[in-house]
file start-v7.cif (mmCIF, C-alpha atoms)
data_model
#
loop_
_atom_site.label_atom_id
_atom_site.label_comp_id
_atom_site.auth_asym_id
_atom_site.auth_seq_id
_atom_site.Cartn_x
_atom_site.Cartn_y
_atom_site.Cartn_z
CA MET A 1 95.05 82.40 106.14
CA THR A 2 92.91 85.33 104.94
CA THR A 3 91.66 86.01 108.48
CA LEU A 4 95.28 86.37 109.62
CA TYR A 5 95.68 89.46 107.42
CA GLY A 6 92.38 90.84 108.68
CA LEU A 7 93.62 90.52 112.27
CA LEU A 8 96.95 92.06 111.22
CA GLY A 9 95.05 95.01 109.72
CA ALA A 10 93.14 95.45 113.00
CA ALA A 11 96.40 95.42 114.98
CA LEU A 12 97.98 97.96 112.60
CA VAL A 13 95.03 100.32 113.06
CA GLY A 14 95.59 100.14 116.84
CA ILE A 15 99.35 100.66 116.55
CA GLY A 16 98.99 103.56 114.11
CA LEU A 17 96.33 105.26 116.23
CA PHE A 18 98.54 104.90 119.32
CA GLY A 19 101.52 106.45 117.52
CA LEU A 20 99.36 109.26 116.20
CA LEU A 21 98.19 110.17 119.71
CA VAL A 22 101.39 109.57 121.70
CA ARG A 23 104.18 110.83 119.45
CA THR A 24 104.73 114.59 119.28
CA ASP A 25 107.08 114.85 116.28
CA PRO A 26 104.81 115.81 113.35
CA LEU A 27 106.72 113.64 110.88
CA LEU A 28 106.27 110.61 113.15
CA ARG A 29 102.59 111.42 113.42
CA ILE A 30 102.29 111.40 109.63
CA LEU A 31 104.03 108.02 109.56
CA ALA A 32 101.72 106.66 112.27
CA PHE A 33 98.70 107.90 110.34
CA ASN A 34 99.94 106.04 107.28
CA LEU A 35 100.52 102.87 109.34
CA MET A 36 96.87 103.12 110.34
CA GLY A 37 95.88 103.65 106.72
CA GLY A 38 97.79 100.51 105.72
CA GLY A 39 95.84 98.60 108.38
CA ILE A 40 92.52 99.86 107.06
CA PHE A 41 93.46 98.89 103.49
CA LEU A 42 94.44 95.41 104.74
CA VAL A 43 91.06 95.00 106.48
CA PHE A 44 89.35 95.98 103.23
CA GLY A 45 91.71 93.70 101.26
CA THR A 46 90.73 90.80 103.51
CA VAL A 47 87.08 91.45 102.72
CA ALA A 48 88.02 91.51 99.00
CA ARG A 49 89.86 88.20 99.31
CA ARG A 50 86.90 86.57 101.03
CA GLY A 51 84.79 87.67 98.07
CA ALA A 52 86.91 85.64 95.63
CA GLY A 53 84.80 84.06 92.93
CA ALA A 54 83.91 83.92 89.26
CA GLY A 55 87.52 82.97 88.53
CA PHE A 56 89.04 85.99 90.30
CA ALA A 57 91.48 85.59 93.20
CA ALA A 58 89.65 88.38 95.03
CA ASP A 59 86.65 90.67 94.55
CA PRO A 60 87.96 93.30 92.07
CA VAL A 61 85.69 96.14 93.28
CA PRO A 62 87.27 96.62 96.74
CA GLN A 63 90.70 96.11 95.13
CA ALA A 64 90.11 99.03 92.76
CA ILE A 65 88.90 101.20 95.66
CA ILE A 66 92.04 100.31 97.67
CA LEU A 67 94.15 101.31 94.65
CA THR A 68 92.54 104.74 94.46
CA GLY A 69 92.80 104.96 98.25
CA ILE A 70 96.57 104.44 98.19
CA VAL A 71 97.02 107.24 95.66
CA VAL A 72 94.75 109.65 97.59
CA ALA A 73 96.55 108.76 100.85
CA PHE A 74 99.84 109.58 99.14
CA ALA A 75 98.50 112.96 97.98
CA ALA A 76 97.35 113.75 101.54
CA THR A 77 100.74 112.67 102.91
CA THR A 78 102.65 114.96 100.54
CA LEU A 79 100.47 117.88 101.64
CA ALA A 80 101.01 117.10 105.34
CA VAL A 81 104.77 116.80 104.77
CA ALA A 82 104.83 120.11 102.85
CA LEU A 83 103.07 121.77 105.81
CA VAL A 84 105.60 120.35 108.29
CA VAL A 85 108.56 121.50 106.16
CA ARG A 86 106.96 124.93 105.81
CA ILE A 87 106.41 125.23 109.60
CA ALA A 88 110.03 124.16 110.21
CA ALA A 89 111.23 126.86 107.80
CA ALA A 90 109.00 129.46 109.46
CA ASP A 91 110.32 128.51 112.95
CA GLN A 92 113.83 128.77 111.60
CA ALA A 93 113.21 132.24 110.16
CA ARG A 94 111.63 133.42 113.43
CA ASP A 95 114.55 132.15 115.52
CA GLY A 96 116.86 134.13 113.27
CA THR A 97 119.17 131.25 112.49
CA THR A 98 120.60 131.50 109.04
CA ASP A 99 120.72 128.33 107.04
CA ALA A 100 122.92 128.28 104.00
CA PRO A 101 122.60 124.96 102.20
CA MET B 1 100.67 79.41 106.00
CA ILE B 2 104.22 79.71 107.40
CA ALA B 3 104.97 82.37 104.80
CA ASP B 4 101.85 84.30 105.83
CA ALA B 5 102.75 84.08 109.51
CA LEU B 6 106.27 85.33 108.79
CA ILE B 7 105.04 88.23 106.62
CA ALA B 8 102.43 89.21 109.23
CA ALA B 9 104.98 89.01 112.07
CA ALA B 10 107.49 91.11 110.11
CA ILE B 11 104.87 93.77 109.29
CA LEU B 12 103.79 93.89 112.94
CA ALA B 13 107.41 94.21 114.14
CA VAL B 14 108.24 96.96 111.63
CA ALA B 15 105.04 98.88 112.49
CA LEU B 16 105.80 98.73 116.23
CA ALA B 17 109.39 99.82 115.60
CA THR B 18 108.19 102.77 113.46
CA VAL B 19 105.92 104.02 116.22
CA ALA B 20 108.66 103.55 118.84
CA ALA B 21 111.50 104.98 116.70
CA ARG B 22 113.49 107.77 118.34
CA GLY B 23 114.46 109.78 115.25
CA GLY B 24 112.75 110.73 112.02
CA PHE B 25 115.27 108.95 109.79
CA THR B 26 114.95 105.60 111.58
CA ALA B 27 111.17 105.86 111.47
CA VAL B 28 111.14 106.64 107.73
CA ALA B 29 113.52 103.75 106.95
CA LEU B 30 111.25 101.39 108.90
CA PHE B 31 108.20 102.82 107.17
CA ILE B 32 109.69 102.06 103.73
CA ALA B 33 110.27 98.48 104.90
CA TYR B 34 106.64 98.45 106.07
CA GLY B 35 105.44 99.45 102.59
CA LEU B 36 107.51 96.77 100.89
CA LEU B 37 106.36 94.06 103.32
CA LEU B 38 102.77 95.20 102.82
CA ALA B 39 103.26 94.59 99.08
CA PHE B 40 104.04 90.93 99.94
CA ALA B 41 100.84 90.76 101.97
CA TRP B 42 98.91 92.06 98.94
CA VAL B 43 100.42 89.35 96.74
CA ARG B 44 99.30 86.75 99.27
CA LEU B 45 95.80 88.27 99.26
CA GLY B 46 95.62 87.84 95.48
CA ALA B 47 95.69 91.61 94.85
CA MET B 48 98.55 91.99 92.39
CA ASP B 49 97.45 95.44 91.21
CA VAL B 50 97.41 96.70 94.78
CA ALA B 51 100.80 95.08 95.47
CA LEU B 52 102.39 96.92 92.54
CA THR B 53 100.86 100.24 93.61
CA GLU B 54 101.84 99.75 97.25
CA ALA B 55 105.46 99.00 96.32
CA ALA B 56 105.72 101.90 93.85
CA ILE B 57 103.77 104.60 95.71
CA GLY B 58 103.42 103.39 99.31
CA ALA B 59 107.09 102.46 99.66
CA GLY B 60 108.97 104.09 96.76
CA LEU B 61 107.62 107.60 96.24
CA SER B 62 106.53 108.02 99.89
CA GLY B 63 110.01 106.92 100.92
CA ALA B 64 111.71 109.52 98.71
CA LEU B 65 109.34 112.22 99.97
CA LEU B 66 109.73 111.35 103.66
CA LEU B 67 113.51 110.90 103.56
CA GLY B 68 113.83 114.34 102.00
CA ALA B 69 111.51 115.84 104.61
CA ALA B 70 113.31 114.08 107.48
CA SER B 71 116.65 115.51 106.38
CA ARG B 72 115.23 119.04 106.09
CA VAL B 73 113.36 118.96 109.39
CA ALA B 74 116.27 117.29 111.25
CA ARG B 75 118.28 120.52 110.99
CA HIS B 76 115.53 122.35 112.77
CA PRO B 77 112.94 120.10 114.49
CA VAL B 78 109.42 121.45 114.69
CA THR B 79 108.62 122.27 118.31
CA THR B 80 105.32 120.85 119.46
CA ASP B 81 103.44 120.14 122.65
CA ARG B 82 104.87 117.96 125.40
CA PRO B 83 104.47 114.18 125.14
CA PRO B 84 101.62 112.71 127.23
CA GLY B 85 102.45 111.53 130.76
CA ARG B 86 102.67 107.94 131.90
CA ALA B 87 99.04 107.60 132.99
CA MET B 88 97.80 109.28 129.82
CA THR B 89 99.94 107.02 127.63
CA ALA B 90 98.52 103.97 129.39
CA ALA B 91 94.97 105.25 128.85
CA ILE B 92 95.69 105.90 125.16
CA ALA B 93 97.19 102.40 124.81
CA LEU B 94 94.07 100.93 126.40
CA GLY B 95 91.78 102.86 124.06
CA CYS B 96 93.76 101.97 120.94
CA GLY B 97 93.89 98.35 122.08
CA GLY B 98 90.12 98.48 122.37
CA VAL B 99 89.77 99.81 118.83
CA ALA B 100 92.07 97.04 117.52
CA VAL B 101 90.17 94.32 119.43
CA ALA B 102 86.81 95.60 118.18
CA LEU B 103 88.07 95.63 114.60
CA ALA B 104 89.57 92.14 115.05
CA ALA B 105 86.24 90.89 116.39
CA ALA B 106 84.50 92.38 113.35
CA MET B 107 86.98 90.54 111.10
CA LEU B 108 86.23 87.26 112.88
CA LEU B 109 82.47 87.78 112.65
CA LEU B 110 82.33 88.57 108.90
CA PRO B 111 79.31 86.97 107.19
CA ASP B 112 79.75 83.62 105.54
CA PRO B 113 79.44 83.25 102.54
CA ALA B 114 81.08 86.61 101.96
CA PRO B 115 79.15 89.17 99.89
CA THR B 116 80.91 89.73 96.59
CA LEU B 117 80.57 91.66 93.36
CA ALA B 118 82.99 89.35 91.53
CA PRO B 119 80.23 87.55 89.53
CA SER B 120 78.74 90.88 88.37
CA VAL B 121 82.20 92.07 87.31
CA ALA B 122 82.80 88.82 85.43
CA ALA B 123 79.40 89.06 83.74
CA ASN B 124 79.99 92.64 82.54
CA LEU B 125 83.70 92.42 81.78
CA GLY B 126 82.94 91.77 78.11
CA THR B 127 81.29 95.18 77.64
CA THR B 128 84.58 96.96 78.43
CA GLY B 129 86.85 94.87 76.20
CA LEU B 130 89.31 94.71 79.10
CA GLY B 131 90.74 91.49 80.53
CA ASN B 132 91.88 92.86 83.87
CA PRO B 133 88.84 93.05 86.19
CA VAL B 134 90.46 95.72 88.41
CA ALA B 135 91.10 97.94 85.37
CA ALA B 136 87.48 97.43 84.30
CA VAL B 137 86.26 98.54 87.73
CA LEU B 138 88.61 101.54 87.70
CA MET B 139 87.82 102.76 84.20
CA SER B 140 84.23 101.66 83.67
CA PHE B 141 82.12 100.29 86.55
CA ARG B 142 83.47 102.77 89.11
CA GLY B 143 84.93 105.28 86.67
CA LEU B 144 83.65 108.19 88.75
CA ASP B 145 85.92 107.18 91.65
CA THR B 146 88.94 107.17 89.36
CA LEU B 147 87.91 110.53 87.88
CA LEU B 148 87.57 112.11 91.33
CA GLU B 149 90.83 110.55 92.43
CA SER B 150 92.74 111.99 89.46
CA ALA B 151 91.14 115.36 90.28
CA VAL B 152 92.37 115.00 93.89
CA LEU B 153 95.93 114.84 92.56
CA VAL B 154 95.45 118.12 90.66
CA VAL B 155 93.99 119.77 93.77
CA ALA B 156 96.88 118.39 95.86
CA VAL B 157 99.43 119.94 93.47
CA ILE B 158 97.63 123.30 93.70
CA ALA B 159 97.52 123.02 97.51
CA ALA B 160 101.22 122.12 97.70
CA TRP B 161 102.16 125.02 95.44
CA SER B 162 100.09 127.40 97.53
CA LEU B 163 102.45 126.66 100.43
CA ALA B 164 105.20 128.50 98.58
CA PRO B 165 107.23 130.68 100.98
CA GLU B 166 107.33 134.44 100.53
CA GLY B 167 109.06 135.27 97.27
CA GLY B 168 108.95 131.63 96.18
CA TRP B 169 106.01 131.89 93.79
CA GLY B 170 106.96 131.49 90.17
CA GLY B 171 110.07 129.62 91.18
CA VAL B 172 111.14 126.03 90.76
CA PRO B 173 109.69 123.31 93.03
CA GLY B 174 111.94 121.38 95.36
CA PRO B 175 115.40 122.01 96.79
CA ALA B 176 118.33 122.55 94.42
CA GLN B 177 120.24 119.42 93.42
CA PRO B 178 123.94 119.73 92.55
CA VAL B 179 125.04 117.82 89.45
CA VAL B 180 126.43 114.43 90.48
CA GLY B 181 129.21 113.61 88.03
CA ASP B 182 130.42 110.32 89.41
CA GLY B 183 129.39 107.31 91.45
CA PRO B 184 126.38 104.98 91.52
CA LEU B 185 123.75 107.76 91.45
CA ALA B 186 125.22 109.35 88.31
CA LEU B 187 125.44 105.94 86.64
CA LEU B 188 121.91 104.88 87.59
CA ALA B 189 120.48 108.25 86.57
CA ARG B 190 121.84 107.64 83.08
CA LEU B 191 121.18 103.89 82.88
CA LEU B 192 117.78 103.39 84.49
CA PRO B 193 115.46 106.01 82.93
CA PRO B 194 115.39 104.53 79.39
CA LEU B 195 114.70 101.08 80.85
CA GLY B 196 112.23 102.49 83.35
CA ILE B 197 110.27 104.31 80.66
CA LEU B 198 110.10 101.08 78.66
CA VAL B 199 108.88 99.17 81.73
CA ALA B 200 106.30 101.89 82.45
CA VAL B 201 104.90 101.72 78.90
CA HIS B 202 104.75 97.93 79.21
CA VAL B 203 103.01 98.08 82.61
CA LEU B 204 100.51 100.61 81.22
CA TRP B 205 99.74 98.54 78.14
CA ILE B 206 99.42 95.10 79.77
CA GLY B 207 97.26 96.76 82.45
CA LYS B 208 94.26 96.15 80.23
CA ASP B 209 94.59 92.37 80.54
CA ALA B 210 96.93 91.73 83.49
CA PRO B 211 97.95 93.44 86.74
CA GLY B 212 99.27 96.90 85.92
CA GLY B 213 97.84 100.12 84.60
CA LYS B 214 98.11 103.87 84.85
CA PHE B 215 98.88 104.28 88.57
CA GLN B 216 101.76 101.82 88.53
CA ALA B 217 103.11 103.13 85.21
CA ALA B 218 102.82 106.74 86.41
CA ALA B 219 104.67 105.94 89.64
CA ILE B 220 107.52 104.34 87.66
CA LEU B 221 107.70 107.33 85.30
CA ALA B 222 107.71 109.75 88.23
CA ALA B 223 110.46 107.71 89.93
CA MET B 224 112.61 107.77 86.76
CA TRP B 225 112.27 111.52 86.53
CA MET B 226 113.07 111.89 90.25
CA LEU B 227 116.22 109.84 89.70
CA ALA B 228 117.43 112.19 86.97
CA TRP B 229 116.51 115.15 89.20
CA MET B 230 118.41 113.79 92.22
CA ALA B 231 121.51 113.38 90.08
CA GLY B 232 121.15 117.01 88.95
CA ARG B 233 120.49 115.88 85.36
CA ALA B 234 116.95 117.25 85.12
CA SER B 235 115.51 120.44 86.53
CA PRO B 236 111.78 120.88 87.14
CA PRO B 237 110.14 123.71 85.18
CA SER B 238 108.87 126.82 86.97
CA VAL B 239 105.38 126.55 88.43
CA ARG B 240 104.45 129.36 86.03
CA SER B 241 105.14 127.04 83.09
CA ARG B 242 102.01 126.67 81.02
CA SER B 243 103.00 123.31 79.57
CA LEU B 244 103.59 121.93 83.08
CA ARG B 245 100.12 123.01 84.20
CA ILE B 246 98.56 121.54 81.04
CA ALA B 247 100.44 118.26 81.66
CA VAL B 248 99.01 118.01 85.18
CA ALA B 249 95.43 118.85 84.20
CA ALA B 250 95.17 117.21 80.75
CA GLY B 251 94.30 113.67 81.92
CA PRO B 252 91.45 114.57 84.28
CA THR B 253 90.15 117.13 81.75
CA LEU B 254 90.03 114.52 79.00
CA PHE B 255 88.33 112.07 81.38
CA ILE B 256 85.67 114.67 82.27
CA THR B 257 85.17 115.47 78.56
CA VAL B 258 84.70 111.77 77.79
CA GLY B 259 82.26 111.57 80.70
CA LEU B 260 80.23 114.51 79.38
CA LEU B 261 80.23 113.04 75.86
CA GLY B 262 78.88 109.82 77.36
CA TRP B 263 76.14 111.84 79.02
CA LEU B 264 75.24 113.53 75.72
CA THR B 265 75.36 110.46 73.48
CA GLN B 266 74.53 107.57 75.85
CA GLY B 267 72.43 109.32 78.45
CA ALA B 268 74.74 108.66 81.40
CA PHE B 269 77.88 110.40 82.68
CA LEU B 270 80.98 108.30 81.84
CA ALA B 271 78.97 105.83 79.74
CA TYR B 272 80.97 104.55 76.78
CA PRO B 273 79.37 103.89 73.38
CA PRO B 274 79.06 100.12 72.83
CA GLY B 275 81.98 98.70 70.88
CA LEU B 276 84.13 101.78 71.39
CA ALA B 277 84.76 101.29 75.12
CA LEU B 278 88.25 99.79 74.81
CA PRO B 279 89.83 102.43 72.50
CA ILE B 280 88.32 105.27 74.56
CA ILE B 281 89.50 103.70 77.82
CA MET B 282 93.03 103.24 76.47
CA VAL B 283 93.27 106.86 75.26
CA VAL B 284 92.08 108.11 78.65
CA GLU B 285 94.51 105.74 80.38
CA VAL B 286 97.47 107.11 78.43
CA ALA B 287 96.49 110.74 79.13
CA LEU B 288 95.89 109.95 82.81
CA THR B 289 99.27 108.20 83.09
CA ALA B 290 101.08 111.32 81.89
CA SER B 291 99.10 113.62 84.19
CA ILE B 292 99.39 111.34 87.23
CA ALA B 293 103.15 110.92 86.66
CA ALA B 294 103.62 114.71 86.51
CA ALA B 295 101.43 115.23 89.59
CA LEU B 296 103.21 112.51 91.61
CA ALA B 297 106.65 113.92 90.80
CA LEU B 298 105.52 117.48 91.63
CA LEU B 299 104.01 116.31 94.92
CA VAL B 300 107.29 114.67 95.95
CA LEU B 301 109.17 117.87 95.03
CA GLY B 302 106.86 120.07 97.10
CA PRO B 303 106.17 123.81 96.89
CA PRO B 304 108.24 126.17 94.71
CA GLU B 305 110.95 127.79 96.82
CA ARG B 306 113.81 129.00 94.66
CA ARG B 307 114.24 131.17 91.60
CA ALA B 308 114.39 129.50 88.22
#
call {"tool": "encode", "arguments": {"input": "start-v7.cif", "output": "structure tokens"}}
result
Amino acid sequence: MTTLYGLLGAALVGIGLFGLLVRTDPLLRILAFNLMGGGIFLVFGTVARRGAGAGFAADPVPQAIILTGIVVAFAATTLAVALVVRIAAADQARDGTTDAP
Amino acid sequence: MIADALIAAAILAVALATVAARGGFTAVALFIAYGLLLAFAWVRLGAMDVALTEAAIGAGLSGALLLGAASRVARHPVTTDRPPGRAMTAAIALGCGGVAVALAAAMLLLPDPAPTLAPSVAANLGTTGLGNPVAAVLMSFRGLDTLLESAVLVVAVIAAWSLAPEGGWGGVPGPAQPVVGDGPLALLARLLPPLGILVAVHVLWIGKDAPGGKFQAAAILAAMWMLAWMAGRASPPSVRSRSLRIAVAAGPTLFITVGLLGWLTQGAFLAYPPGLALPIIMVVEVALTASIAAALALLVLGPPERRA
């Protein structure tokens, strides 16, 4: 059962990497990068689950690292998204199209 | 076993659909589903703390951020390089397949019995006064990681603000939201925040003995504030606001101060005096929750771009 999620994580890394390299839309690239990140966390989570013991359902140390990882990944994603939005606005200004919300 | 197979198949299908999606909106919607399904996988892997964080941050806040970005970029798509040709795509697929197979092989060849730190955590849990082993790792055994991670959020807010367009500095972060007077959003924006704040306080407090803690509580608080903002009921303060900056930096600053005090009195950075670990940890947790909540909300809003 645990191995299944490890294999899933491996597959997600492959899928995310493929999307990151093949797609050209920056937003889709950010999504693909996050898919890959999810896969890496799952691989680590599988290792944590295999380390279950001492009354814990999984090794708490990798779990805590995954938790911090999710928050840091989110911070990186917000920065990437802010850059994309900023580039879109700059393109828009250069093309001279006015955009009244 | 059947449940695991179904969850894994659903995650795989949603991930493939995200990568293949034609438009930004479809991809983001699928990605939110991916985050929620991943939370199920975490439950099945016995990682309740991770499941809560994944659902709140990986699916919830990321979803709000990406939907907003997709709608803004859709009006004017960013022009980039041409997509790779057929032969190149096939080569990339082959390479990525190779990476996945190598990783899968590594997962199948993991050592047995698995190396684990669970017994050491169990043996030292008593020194922290906490009942939740993940919280003990976060706040005590690997406290430095958590400290650096909370500092990353402060740096990310500074970086996001520095992307302010010309004339935007000193303004209010995020696009303007008209006041919604009627409908489900207006109702939820009034109804949910009091409940959400209560739930967040609960999640923060039980985090010391059960799954929960500052990240999950902060994500809920940020989401409640975002809800009021989307309905036009709350406006973010200007990035010049001193109290806003203090709110973002207070948690990490307190954590660093506690760390330095540990170095002075106990001889090691982030060492807690025996017997006082639990109260110190809880005070830091509360301060970190407030700072992380403010940082998460500001990161979803993005750089300042309009006048206060």
call {"tool": "residues_near_point", "arguments": {"input": "start-v7.cif", "point": "(107.0, 124.9, 89.1)", "cutoff": "9 Å", "atoms": "only C-alpha atoms", "output": "CSV table (one decimal) with C-alpha atoms, in the frame of the given file"}}
result
chain,number,residue,atom,x,y,z
B,161,TRP,CA,102.2,125.0,95.4
B,169,TRP,CA,106.0,131.9,93.8
B,170,GLY,CA,107.0,131.5,90.2
B,171,GLY,CA,110.1,129.6,91.2
B,172,VAL,CA,111.1,126.0,90.8
B,173,PRO,CA,109.7,123.3,93.0
B,174,GLY,CA,111.9,121.4,95.4
B,236,PRO,CA,111.8,120.9,87.1
B,237,PRO,CA,110.1,123.7,85.2
B,238,SER,CA,108.9,126.8,87.0
B,239,VAL,CA,105.4,126.6,88.4
B,240,ARG,CA,104.4,129.4,86.0
B,241,SER,CA,105.1,127.0,83.1
B,244,LEU,CA,103.6,121.9,83.1
B,245,ARG,CA,100.1,123.0,84.2
B,298,LEU,CA,105.5,117.5,91.6
B,303,PRO,CA,106.2,123.8,96.9
B,304,PRO,CA,108.2,126.2,94.7
B,308,ALA,CA,114.4,129.5,88.2
call {"tool": "resolve_selection", "arguments": {"input": "start-v7.cif", "expression": "the PyMOL selection byres ((chain B) within 6 of (chain A))", "output": "PyMOL selection string"}}
result
chain B and resi 19+45-46+50+78+83+96-97+100+103-104+107+114+116+118-119+133-134+138+160+299
call {"tool": "atom_distance", "arguments": {"input": "start-v7.cif", "atom1": "atom CA of Trp42 of chain B", "atom2": "atom CA of Glu54 of chain B"}}
result
8.4 Å
call {"tool": "resolve_selection", "arguments": {"input": "start-v7.cif", "expression": "the PyMOL selection byres ((chain B and resi 252-269) around 9)", "output": "list in words"}}
result
Leu144, Leu147, Leu148, Ser150, Ala151, Val154, Val248, Ala249, Ala250, Gly251, Leu270, Ala271, Tyr272, Pro273, Ile280, Val284, Glu285, Ala287, Leu288 and Ser291 of chain B
call {"tool": "atom_distance", "arguments": {"input": "start-v7.cif", "atom1": "atom CA of Ala64 of chain B", "atom2": "atom CA of Leu296 of chain B"}}
result
11.5 Å
call {"tool": "atom_distance", "arguments": {"input": "start-v7.cif", "atom1": "atom CA of Ile246 of chain B", "atom2": "atom CA of Leu153 of chain B"}}
result
13.6 Å
call {"tool": "resolve_selection", "arguments": {"input": "start-v7.cif", "expression": "the PyMOL selection byres ((chain B and resi 123-131) around 10)", "output": "MDAnalysis selection string"}}
result
(chainID A and resid 54) or (chainID B and resid 118:122 132:137 139:141 206:211 272:282)
call {"tool": "residues_around", "arguments": {"input": "start-v7.cif", "residues": "Gly181 of chain B", "least_positions_apart": "5", "cutoff": "9 Å", "atoms": "only C-alpha atoms", "output": "number ranges by chain"}}
result
B: 186-187, 231-232
call {"tool": "decode", "arguments": {"input": "start-v7.cif", "residues": "segment 18-54 of chain A", "atoms": "C-alpha atoms", "output": "compact mmCIF listing (two decimals), in the first residue's frame"}}
result
# COMPACT_ATOMS: atom_id res chain seq x y z
CA PHE A 18 7.44 16.92 -18.73
CA GLY A 19 4.90 19.73 -18.35
CA LEU A 20 7.59 22.11 -17.17
CA LEU A 21 9.70 21.45 -20.29
CA VAL A 22 6.97 21.13 -22.93
CA ARG A 23 4.41 23.78 -22.01
CA THR A 24 5.20 27.38 -22.93
CA ASP A 25 2.54 29.25 -20.95
CA PRO A 26 4.35 30.47 -17.80
CA LEU A 27 1.34 29.85 -15.56
CA LEU A 28 1.14 26.24 -16.77
CA ARG A 29 4.84 25.87 -16.12
CA ILE A 30 4.34 27.02 -12.53
CA LEU A 31 1.55 24.46 -12.16
CA ALA A 32 3.73 21.71 -13.62
CA PHE A 33 6.52 22.64 -11.25
CA ASN A 34 4.11 22.31 -8.34
CA LEU A 35 2.89 18.93 -9.64
CA MET A 36 6.51 17.82 -9.52
CA GLY A 37 6.86 19.22 -6.01
CA GLY A 38 3.81 17.24 -4.90
CA GLY A 39 5.45 14.10 -6.29
CA ILE A 40 8.67 14.77 -4.39
CA PHE A 41 6.74 15.33 -1.14
CA LEU A 42 4.87 12.04 -1.74
CA VAL A 43 8.16 10.17 -2.22
CA PHE A 44 9.40 11.66 1.05
CA GLY A 45 6.05 10.90 2.72
CA THR A 46 6.38 7.27 1.65
CA VAL A 47 9.78 7.11 3.32
CA ALA A 48 8.18 8.65 6.44
CA ARG A 49 5.39 6.07 6.42
CA ARG A 50 7.88 3.21 6.13
CA GLY A 51 9.59 4.60 9.22
CA ALA A 52 6.44 4.16 11.33
CA GLY A 53 7.25 3.04 14.84
CA ALA A 54 7.27 3.89 18.52
